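Note: the block below is target-v8.json and it holds JSON, C-alpha atoms.
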[["chain", "number", "residue", "atom", "x", "y", "z"],
["A", 10, "MET", "CA", -2.13, 6.84, 17.11],
["A", 11, "TRP", "CA", -1.46, 4.56, 14.16],
["A", 12, "LEU", "CA", -3.78, 4.19, 11.18],
["A", 13, "VAL", "CA", -4.82, 1.38, 8.88],
["A", 14, "LEU", "CA", -6.22, 3.10, 5.78],
["A", 15, "CYS", "CA", -8.08, 0.80, 3.41],
["A", 16, "HIS", "CA", -11.25, 0.06, 1.49],
["A", 17, "ALA", "CA", -14.12, -1.61, 3.36],
["A", 18, "ASN", "CA", -13.77, -4.85, 1.34],
["A", 19, "ASP", "CA", -10.01, -5.16, 1.86],
["A", 20, "LEU", "CA", -9.94, -8.37, 3.91],
["A", 21, "SER", "CA", -6.15, -8.36, 3.90],
["A", 22, "ALA", "CA", -6.06, -4.96, 5.63],
["A", 23, "LEU", "CA", -8.71, -6.05, 8.15],
["A", 24, "TRP", "CA", -6.58, -9.11, 8.94],
["A", 25, "ALA", "CA", -3.52, -6.87, 9.43],
["A", 26, "TYR", "CA", -5.50, -4.51, 11.66],
["A", 27, "GLN", "CA", -6.60, -7.33, 13.95],
["A", 28, "GLY", "CA", -3.10, -8.81, 14.00],
["A", 29, "LEU", "CA", -1.41, -5.50, 14.82],
["A", 30, "LYS", "CA", -3.98, -4.79, 17.51],
["A", 31, "ALA", "CA", -3.36, -8.20, 19.06],
["A", 32, "ARG", "CA", 0.36, -7.42, 19.08],
["A", 33, "GLY", "CA", -0.18, -4.32, 21.19],
["A", 34, "LEU", "CA", 0.10, -1.55, 18.61],
["A", 35, "SER", "CA", -2.06, 1.07, 20.31],
["A", 36, "PRO", "CA", -3.94, 3.26, 19.79],
["A", 37, "LEU", "CA", -4.71, 1.80, 16.37],
["A", 38, "GLU", "CA", -7.55, 3.12, 14.20],
["A", 39, "LEU", "CA", -9.11, 1.41, 11.19],
["A", 40, "VAL", "CA", -10.23, 4.09, 8.73],
["A", 41, "SER", "CA", -11.94, 3.10, 5.49],
["A", 42, "THR", "CA", -12.17, 5.22, 2.37],
["A", 43, "GLU", "CA", -15.94, 4.84, 2.61],
["A", 44, "SER", "CA", -15.97, 6.43, 6.08],
["A", 45, "LEU", "CA", -13.68, 9.21, 4.84],
["A", 46, "ALA", "CA", -16.17, 9.98, 2.06],
["A", 47, "PHE", "CA", -18.84, 10.74, 4.69],
["A", 48, "SER", "CA", -16.63, 12.74, 7.05],
["A", 49, "LEU", "CA", -18.38, 15.47, 9.01],
["A", 50, "ARG", "CA", -15.37, 17.78, 8.93],
["A", 51, "TRP", "CA", -12.15, 17.80, 6.95],
["A", 52, "GLU", "CA", -9.53, 20.51, 7.25],
["A", 53, "HIS", "CA", -6.30, 20.29, 5.28],
["A", 54, "ARG", "CA", -3.76, 23.10, 5.50],
["A", 55, "VAL", "CA", -0.63, 23.56, 3.40],
["A", 56, "ASP", "CA", 1.73, 26.46, 4.04],
["A", 57, "SER", "CA", 5.42, 27.31, 4.32],
["A", 58, "GLU", "CA", 5.59, 25.46, 7.65],
["A", 59, "GLY", "CA", 4.37, 22.20, 6.13],
["A", 60, "ALA", "CA", 1.03, 20.41, 5.83],
["A", 61, "SER", "CA", -1.53, 19.11, 8.30],
["A", 62, "PHE", "CA", -5.05, 17.70, 8.41],
["A", 63, "ARG", "CA", -7.94, 17.39, 10.86],
["A", 64, "ILE", "CA", -10.72, 14.92, 10.11],
["A", 65, "THR", "CA", -13.91, 14.25, 12.05],
["A", 66, "LEU", "CA", -15.54, 11.00, 10.95],
["A", 67, "ALA", "CA", -19.29, 10.37, 11.00],
["A", 68, "ASP", "CA", -18.90, 8.06, 14.01],
["A", 69, "GLY", "CA", -17.34, 10.91, 16.02],
["A", 70, "ARG", "CA", -13.71, 9.85, 15.80],
["A", 71, "HIS", "CA", -11.12, 12.58, 15.32],
["A", 72, "ILE", "CA", -8.08, 11.93, 13.14],
["A", 73, "TYR", "CA", -5.56, 14.75, 13.53],
["A", 74, "SER", "CA", -2.18, 14.69, 11.80],
["A", 75, "GLU", "CA", -0.38, 15.80, 14.94],
["A", 76, "ASP", "CA", -1.60, 12.65, 16.70],
["A", 77, "VAL", "CA", -0.54, 10.21, 13.96],
["A", 78, "CYS", "CA", 2.60, 8.10, 14.50],
["A", 79, "GLY", "CA", 2.44, 6.09, 11.27],
["A", 80, "ALA", "CA", 0.10, 4.33, 8.86],
["A", 81, "LEU", "CA", -0.49, 1.22, 6.82],
["A", 82, "ASN", "CA", -1.83, 2.74, 3.62],
["A", 83, "ARG", "CA", -3.96, 0.55, 1.32],
["A", 84, "ILE", "CA", -5.99, 3.26, -0.42],
["A", 85, "GLN", "CA", -6.20, 2.57, -4.15],
["A", 86, "PHE", "CA", -8.74, 5.13, -5.32],
["A", 87, "VAL", "CA", -11.17, 7.75, -4.04],
["A", 88, "PRO", "CA", -14.78, 6.52, -3.84],
["A", 89, "LEU", "CA", -17.49, 8.88, -5.11],
["A", 90, "PRO", "CA", -20.75, 7.83, -3.42],
["A", 91, "HIS", "CA", -22.18, 11.36, -3.68],
["A", 92, "TRP", "CA", -21.67, 11.48, -7.43],
["A", 93, "GLU", "CA", -23.29, 8.20, -8.53],
["A", 94, "HIS", "CA", -26.00, 9.99, -10.52],
["A", 95, "ALA", "CA", -23.72, 12.60, -12.08],
["A", 96, "THR", "CA", -22.66, 12.48, -15.71],
["A", 97, "ALA", "CA", -19.56, 10.52, -16.61],
["A", 98, "SER", "CA", -17.63, 13.69, -17.42],
["A", 99, "ASP", "CA", -18.54, 15.24, -14.06],
["A", 100, "ARG", "CA", -17.50, 12.08, -12.21],
["A", 101, "ASP", "CA", -14.18, 12.02, -14.04],
["A", 102, "TYR", "CA", -13.54, 15.64, -13.13],
["A", 103, "VAL", "CA", -14.40, 15.10, -9.46],
["A", 104, "GLN", "CA", -12.28, 11.93, -9.40],
["A", 105, "GLN", "CA", -9.25, 13.87, -10.63],
["A", 106, "GLU", "CA", -9.74, 16.71, -8.18],
["A", 107, "LEU", "CA", -10.28, 14.43, -5.18],
["A", 108, "THR", "CA", -7.33, 12.26, -6.15],
["A", 109, "ALA", "CA", -5.16, 15.38, -6.09],
["A", 110, "PHE", "CA", -6.60, 16.28, -2.69],
["A", 111, "TYR", "CA", -5.99, 12.77, -1.33],
["A", 112, "THR", "CA", -2.44, 12.86, -2.68],
["A", 113, "SER", "CA", -1.80, 16.03, -0.71],
["A", 114, "TRP", "CA", -3.25, 14.96, 2.64],
["A", 115, "LEU", "CA", -1.75, 11.46, 2.45],
["A", 116, "LEU", "CA", 1.61, 13.09, 1.78],
["A", 117, "SER", "CA", 1.21, 14.98, 5.06],
["A", 118, "LEU", "CA", 0.92, 11.77, 7.10],
["A", 119, "PRO", "CA", 3.70, 11.81, 9.71],
["A", 120, "GLY", "CA", 5.77, 8.83, 10.77],
["A", 121, "PRO", "CA", 6.43, 5.65, 8.77],
["A", 122, "VAL", "CA", 3.87, 5.14, 5.99],
["A", 123, "LEU", "CA", 3.52, 1.72, 4.34],
["A", 124, "ASN", "CA", 3.04, 2.26, 1.36],
["A", 125, "PRO", "CA", 3.47, 6.02, 0.84],
["A", 126, "VAL", "CA", 1.48, 8.03, -1.67],
["A", 127, "THR", "CA", 3.22, 9.04, -4.90],
["A", 128, "SER", "CA", 2.30, 11.23, -7.85],
["A", 129, "LEU", "CA", 1.44, 8.01, -9.73],
["A", 130, "GLY", "CA", -0.52, 6.13, -7.09],
["A", 131, "LEU", "CA", -2.24, 6.65, -3.74],
["A", 132, "SER", "CA", -0.47, 3.67, -2.12],
["A", 133, "GLY", "CA", 2.65, 3.11, -4.16],
["A", 134, "ARG", "CA", 3.67, 4.08, -7.66],
["A", 135, "TRP", "CA", 1.81, 2.49, -10.56],
["A", 136, "ARG", "CA", 4.23, 1.02, -13.12],
["A", 137, "THR", "CA", 3.82, -0.69, -16.46],
["A", 138, "PRO", "CA", 4.88, -4.36, -16.75],
["A", 139, "ILE", "CA", 7.99, -3.37, -18.70],
["A", 140, "GLU", "CA", 9.00, -0.91, -15.95],
["A", 141, "TRP", "CA", 8.66, -3.63, -13.32],
["A", 142, "MET", "CA", 10.64, -6.01, -15.51],
["A", 143, "LYS", "CA", 13.51, -3.55, -15.76],
["A", 144, "LEU", "CA", 13.61, -3.08, -11.99],
["A", 145, "ALA", "CA", 13.43, -6.86, -11.50],
["A", 146, "ALA", "CA", 16.39, -7.40, -13.84],
["A", 147, "ASN", "CA", 18.36, -4.80, -11.88],
["A", 148, "SER", "CA", 17.48, -6.72, -8.72],
["A", 149, "GLY", "CA", 18.99, -9.96, -10.03],
["A", 150, "PHE", "CA", 15.92, -11.79, -11.35],
["A", 151, "ALA", "CA", 15.72, -13.46, -14.72],
["A", 152, "THR", "CA", 13.02, -11.79, -16.81],
["A", 153, "ASP", "CA", 10.93, -12.45, -19.88],
["A", 154, "ARG", "CA", 9.89, -9.97, -22.53],
["A", 155, "SER", "CA", 6.30, -10.99, -21.94],
["A", 156, "VAL", "CA", 5.09, -9.98, -18.46],
["A", 157, "PRO", "CA", 1.42, -10.38, -17.45],
["A", 158, "GLU", "CA", -0.62, -7.36, -16.44],
["A", 159, "PRO", "CA", -1.18, -7.08, -12.64],
["A", 160, "THR", "CA", -4.80, -8.18, -13.07],
["A", 161, "ASP", "CA", -3.92, -11.42, -14.88],
["A", 162, "PRO", "CA", -4.03, -14.69, -12.86],
["A", 163, "PRO", "CA", -0.68, -16.07, -11.66],
["A", 164, "LEU", "CA", 1.15, -18.35, -14.04],
["A", 165, "PRO", "CA", 1.18, -22.09, -13.20],
["A", 166, "ALA", "CA", 3.86, -23.08, -10.68],
["A", 167, "SER", "CA", 4.57, -19.43, -9.77],
["A", 168, "LYS", "CA", 4.86, -18.42, -6.14],
["A", 169, "THR", "CA", 3.91, -15.11, -4.53],
["A", 170, "ILE", "CA", 6.49, -13.63, -2.16],
["A", 171, "ILE", "CA", 5.51, -10.85, 0.24],
["A", 172, "VAL", "CA", 8.07, -8.22, 1.21],
["A", 173, "ALA", "CA", 7.56, -5.86, 4.14],
["A", 174, "ASP", "CA", 10.69, -3.79, 4.67],
["A", 175, "GLN", "CA", 13.33, -6.39, 5.61],
["A", 176, "PHE", "CA", 10.81, -9.20, 6.01],
["A", 177, "VAL", "CA", 10.49, -11.69, 3.13],
["A", 178, "SER", "CA", 7.87, -14.43, 3.36],
["A", 179, "SER", "CA", 10.14, -17.14, 1.91],
["A", 180, "ASP", "CA", 13.93, -17.50, 2.11],
["A", 181, "GLU", "CA", 13.86, -20.10, -0.66],
["A", 182, "TYR", "CA", 12.90, -17.63, -3.37],
["A", 183, "GLY", "CA", 15.63, -15.02, -3.78],
["A", 184, "ALA", "CA", 15.08, -13.09, -0.55],
["A", 185, "ASP", "CA", 17.90, -10.62, -1.25],
["A", 186, "SER", "CA", 16.60, -9.87, -4.75],
["A", 187, "CYS", "CA", 13.08, -9.43, -3.37],
["A", 188, "ARG", "CA", 14.31, -6.87, -0.85],
["A", 189, "GLN", "CA", 16.30, -5.15, -3.58],
["A", 190, "LEU", "CA", 13.25, -4.88, -5.82],
["A", 191, "ALA", "CA", 11.19, -3.38, -2.99],
["A", 192, "THR", "CA", 14.01, -0.89, -2.34],
["A", 193, "LEU", "CA", 14.49, 0.08, -5.99],
["A", 194, "SER", "CA", 10.75, 0.54, -6.47],
["A", 195, "GLN", "CA", 10.49, 2.50, -3.20],
["A", 196, "THR", "CA", 7.61, 0.23, -2.20],
["A", 197, "PRO", "CA", 8.01, -1.01, 1.41],
["A", 198, "ILE", "CA", 5.22, -3.57, 1.04],
["A", 199, "LEU", "CA", 5.36, -5.50, -2.21],
["A", 200, "GLY", "CA", 4.02, -8.74, -3.62],
["A", 201, "ILE", "CA", 6.30, -10.48, -6.13],
["A", 202, "ASP", "CA", 5.30, -13.43, -8.31],
["A", 203, "LEU", "CA", 8.26, -15.66, -9.22],
["A", 204, "LYS", "CA", 8.62, -18.83, -11.25],
["A", 205, "PRO", "CA", 11.52, -21.25, -10.63],
["A", 206, "LEU", "CA", 13.63, -22.11, -13.69],
["A", 207, "ASN", "CA", 15.61, -25.27, -14.40],
["A", 208, "ASP", "CA", 18.98, -23.55, -13.82],
["A", 209, "ASN", "CA", 18.07, -22.64, -10.21],
["A", 210, "LYS", "CA", 17.27, -19.09, -11.23],
["A", 211, "LEU", "CA", 14.00, -17.32, -10.56],
["A", 212, "ARG", "CA", 12.01, -15.67, -13.30],
["A", 213, "PHE", "CA", 10.18, -12.52, -12.38],
["A", 214, "VAL", "CA", 6.51, -12.73, -13.38],
["A", 215, "ARG", "CA", 5.00, -9.54, -11.96],
["A", 216, "ALA", "CA", 4.82, -7.27, -8.92],
["A", 217, "ASN", "CA", 1.87, -5.98, -6.94],
["A", 218, "THR", "CA", 1.83, -2.94, -4.66],
["A", 219, "MET", "CA", -1.39, -4.20, -3.03],
["A", 220, "PRO", "CA", -0.56, -7.82, -2.16],
["A", 221, "ASP", "CA", -2.62, -10.11, 0.05],
["A", 222, "LEU", "CA", -0.78, -9.61, 3.34],
["A", 223, "ARG", "CA", -2.19, -12.88, 4.67],
["A", 224, "LEU", "CA", 0.25, -14.74, 2.41],
["A", 225, "GLY", "CA", 3.05, -13.44, 4.63],
["A", 226, "GLY", "CA", 1.69, -15.22, 7.70],
["A", 227, "PRO", "CA", 2.32, -14.07, 11.30],
["A", 228, "GLY", "CA", 5.85, -12.98, 10.42],
["A", 229, "ILE", "CA", 4.64, -10.07, 8.34],
["A", 230, "LEU", "CA", 2.55, -8.76, 11.25],
["A", 231, "ASP", "CA", 5.63, -8.71, 13.47],
["A", 232, "SER", "CA", 7.54, -6.86, 10.75],
["A", 233, "LEU", "CA", 4.74, -4.34, 10.19],
["A", 234, "LYS", "CA", 4.60, -3.55, 13.90],
["A", 235, "VAL", "CA", 8.35, -2.94, 14.03],
["A", 236, "SER", "CA", 8.24, -0.75, 10.92],
["A", 237, "LEU", "CA", 5.26, 1.30, 12.07],
["A", 238, "GLU", "CA", 6.87, 1.90, 15.43],
["A", 239, "GLY", "CA", 9.93, 3.20, 13.63],
["A", 240, "ARG", "CA", 12.24, 0.48, 14.93],
["A", 241, "THR", "CA", 14.80, -1.42, 12.86]]
What would the structure in this file look like if it were written as structure tokens?
Amino acid sequence: MWLVLCHANDLSALWAYQGLKARGLSPLELVSTESLAFSLRWEHRVDSEGASFRITLADGRHIYSEDVCGALNRIQFVPLPHWEHATASDRDYVQQELTAFYTSWLLSLPGPVLNPVTSLGLSGRWRTPIEWMKLAANSGFATDRSVPEPTDPPLPASKTIIVADQFVSSDEYGADSCRQLATLSQTPILGIDLKPLNDNKLRFVRANTMPDLRLGGPGILDSLKVSLEGRT
């Protein structure tokens, strides 16, 4: 089976799930972080032979690592519904422990994983604006010393490009440099905001490891299917 791992309010992931299902990727399971939080059974083993997991969800579905062929991973954080009334210090402690646990079991996912867990992010490595700017410069983009935080709104006249492995949503906006940035950042699925300059160069504005996949149109769904199936 293949998995789409996401938060319940991630409309982009829900769109991708429906699109991949329509394209014949089967069996395909949509698994939200909220449903994981209320799992009936969760077994995660790590030994000298490797790592594995067995999850039984509240709706009766079984997610076993040996059955997984690949995953679209959009998990950003671990929800704590059982700890809403705990003290802030207790919640922080549980958040850290569960994040470590999620890091381990996500790392044991077999097959292609888009985007893979890292030690600095559950679905792609978190980077500061200056770190992204350095990678963008190495990818051939013009840069500015002032780069907006990922939560800031896009700058006027900027355009968001979606990269999914070799797929780039627009050939008019430095497709080769976009692919290079995704490769250097080890982030298969990446959103890149660019602003055209007067000298036909493109200025890097920011990057996002959790882009709105819908901006990539039908082409990104075709690319995701190929990547998840392990084809090139």
Name the residues within 9 Å of (-3.5, 18.2, 16.4), counting only C-alpha atoms in the file's coordinates, and put them as a list of chain:residue names.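 Those within range, by chain then number, are A:Ser61, A:Phe62, A:Arg63, A:Ile72, A:Tyr73, A:Ser74, A:Glu75, A:Asp76, A:Val77.
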Please dump the current selection as a PDB file, in the coordinates of the input; keep C-alpha atoms.
ATOM      1  CA  SER A  61      -1.530  19.110   8.300  1.00  0.00           C
ATOM      2  CA  PHE A  62      -5.050  17.700   8.410  1.00  0.00           C
ATOM      3  CA  ARG A  63      -7.940  17.390  10.860  1.00  0.00           C
ATOM      4  CA  ILE A  72      -8.080  11.930  13.140  1.00  0.00           C
ATOM      5  CA  TYR A  73      -5.560  14.750  13.530  1.00  0.00           C
ATOM      6  CA  SER A  74      -2.180  14.690  11.800  1.00  0.00           C
ATOM      7  CA  GLU A  75      -0.380  15.800  14.940  1.00  0.00           C
ATOM      8  CA  ASP A  76      -1.600  12.650  16.700  1.00  0.00           C
ATOM      9  CA  VAL A  77      -0.540  10.210  13.960  1.00  0.00           C
TER      10      VAL A  77
END
Contact table range 185-226 of chain A vs range 174-180 of chain A, cut-off 12 Å, shortest pair per residue, only C-alpha atoms, as a Markdown table:
| residue | atom | partner | partner_atom | distance |
| --- | --- | --- | --- | --- |
| A:Asp185 | CA | A:Asp180 | CA | 8.6 |
| A:Ser186 | CA | A:Val177 | CA | 10.1 |
| A:Cys187 | CA | A:Val177 | CA | 7.4 |
| A:Arg188 | CA | A:Gln175 | CA | 6.6 |
| A:Gln189 | CA | A:Gln175 | CA | 9.7 |
| A:Leu190 | CA | A:Asp174 | CA | 10.9 |
| A:Ala191 | CA | A:Asp174 | CA | 7.7 |
| A:Thr192 | CA | A:Asp174 | CA | 8.3 |
| A:Leu193 | CA | A:Asp174 | CA | 12.0 |
| A:Ser194 | CA | A:Asp174 | CA | 12.0 |
| A:Gln195 | CA | A:Asp174 | CA | 10.1 |
| A:Thr196 | CA | A:Asp174 | CA | 8.5 |
| A:Pro197 | CA | A:Asp174 | CA | 5.1 |
| A:Ile198 | CA | A:Asp174 | CA | 6.6 |
| A:Leu199 | CA | A:Asp174 | CA | 8.9 |
| A:Gly200 | CA | A:Ser178 | CA | 9.8 |
| A:Ile201 | CA | A:Val177 | CA | 10.2 |
| A:Asp202 | CA | A:Ser179 | CA | 11.9 |
| A:Leu203 | CA | A:Ser179 | CA | 11.4 |
| A:Asp221 | CA | A:Ser178 | CA | 11.8 |
| A:Leu222 | CA | A:Ser178 | CA | 9.9 |
| A:Arg223 | CA | A:Ser178 | CA | 10.3 |
| A:Leu224 | CA | A:Ser178 | CA | 7.7 |
| A:Gly225 | CA | A:Ser178 | CA | 5.1 |
| A:Gly226 | CA | A:Ser178 | CA | 7.6 |
Report, in Å to a single decimal, how far apart CA of Gly239 in chain A and CA of Gly133 in chain A are.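 Interatomic distance, CA of Gly133 in chain A to CA of Gly239 in chain A: 19.2 Å.
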With all atoms listed in the file as the basis for distance, which of A:Glu238, A:Glu43, A:Asp101, A:Glu140 is at the shortest distance from Leu29 in chain A?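 Checking each of A:Glu238, A:Glu43, A:Asp101, A:Glu140 against Leu29 in chain A, counting all atoms listed in the file, the winner is A:Glu238.
Closest approach to Glu38 in chain A among A:Leu20, A:Cys78, A:Arg134, A:Ser117: A:Cys78, based on all atoms listed in the file.
The closest residue to Phe47 in chain A, picked from A:His91, A:Lys210, A:Arg136, A:Lys168 and counting only C-alpha atoms, is A:His91.
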With 10 Å as the cut-off and all atoms listed in the file counted, what is the closest atom pair between each nearby residue of range 217-240 of chain A and range 119-128 of chain A? Distances in Å to one decimal, ordered by chain and number, as JSON lines.
{"residue": "A:Thr218", "atom": "CA", "partner": "A:Asn124", "partner_atom": "CA", "distance": 8.0}
{"residue": "A:Met219", "atom": "CA", "partner": "A:Asn124", "partner_atom": "CA", "distance": 9.0}
{"residue": "A:Leu233", "atom": "CA", "partner": "A:Leu123", "partner_atom": "CA", "distance": 8.5}
{"residue": "A:Ser236", "atom": "CA", "partner": "A:Pro121", "partner_atom": "CA", "distance": 7.0}
{"residue": "A:Leu237", "atom": "CA", "partner": "A:Pro121", "partner_atom": "CA", "distance": 5.6}
{"residue": "A:Glu238", "atom": "CA", "partner": "A:Pro121", "partner_atom": "CA", "distance": 7.7}
{"residue": "A:Gly239", "atom": "CA", "partner": "A:Pro121", "partner_atom": "CA", "distance": 6.5}
{"residue": "A:Arg240", "atom": "CA", "partner": "A:Pro121", "partner_atom": "CA", "distance": 9.9}
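Relative to CA of Ala80 in chain A, CA of Ala22 in chain A is found at 11.6 Å.
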Nearest to Ser132 in chain A among A:Ile170, A:Val87, A:Leu66, A:Val214, with distances taken over all atoms listed in the file: which residue is it? A:Val87
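Restricting the calculation to only C-alpha atoms, the smallest distance between Leu81 in chain A and any of A:Phe213, A:Trp141, A:Phe150, A:Tyr26 is found for A:Tyr26.
Between Thr65 in chain A and the residues A:Glu93, A:Arg83, A:Tyr182, A:Leu45, the shortest atom-to-atom distance, using all atoms listed in the file, involves A:Leu45.
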Quick one: distance from CA of Pro138 in chain A to CA of Leu89 in chain A in Å, one decimal? 28.5 Å
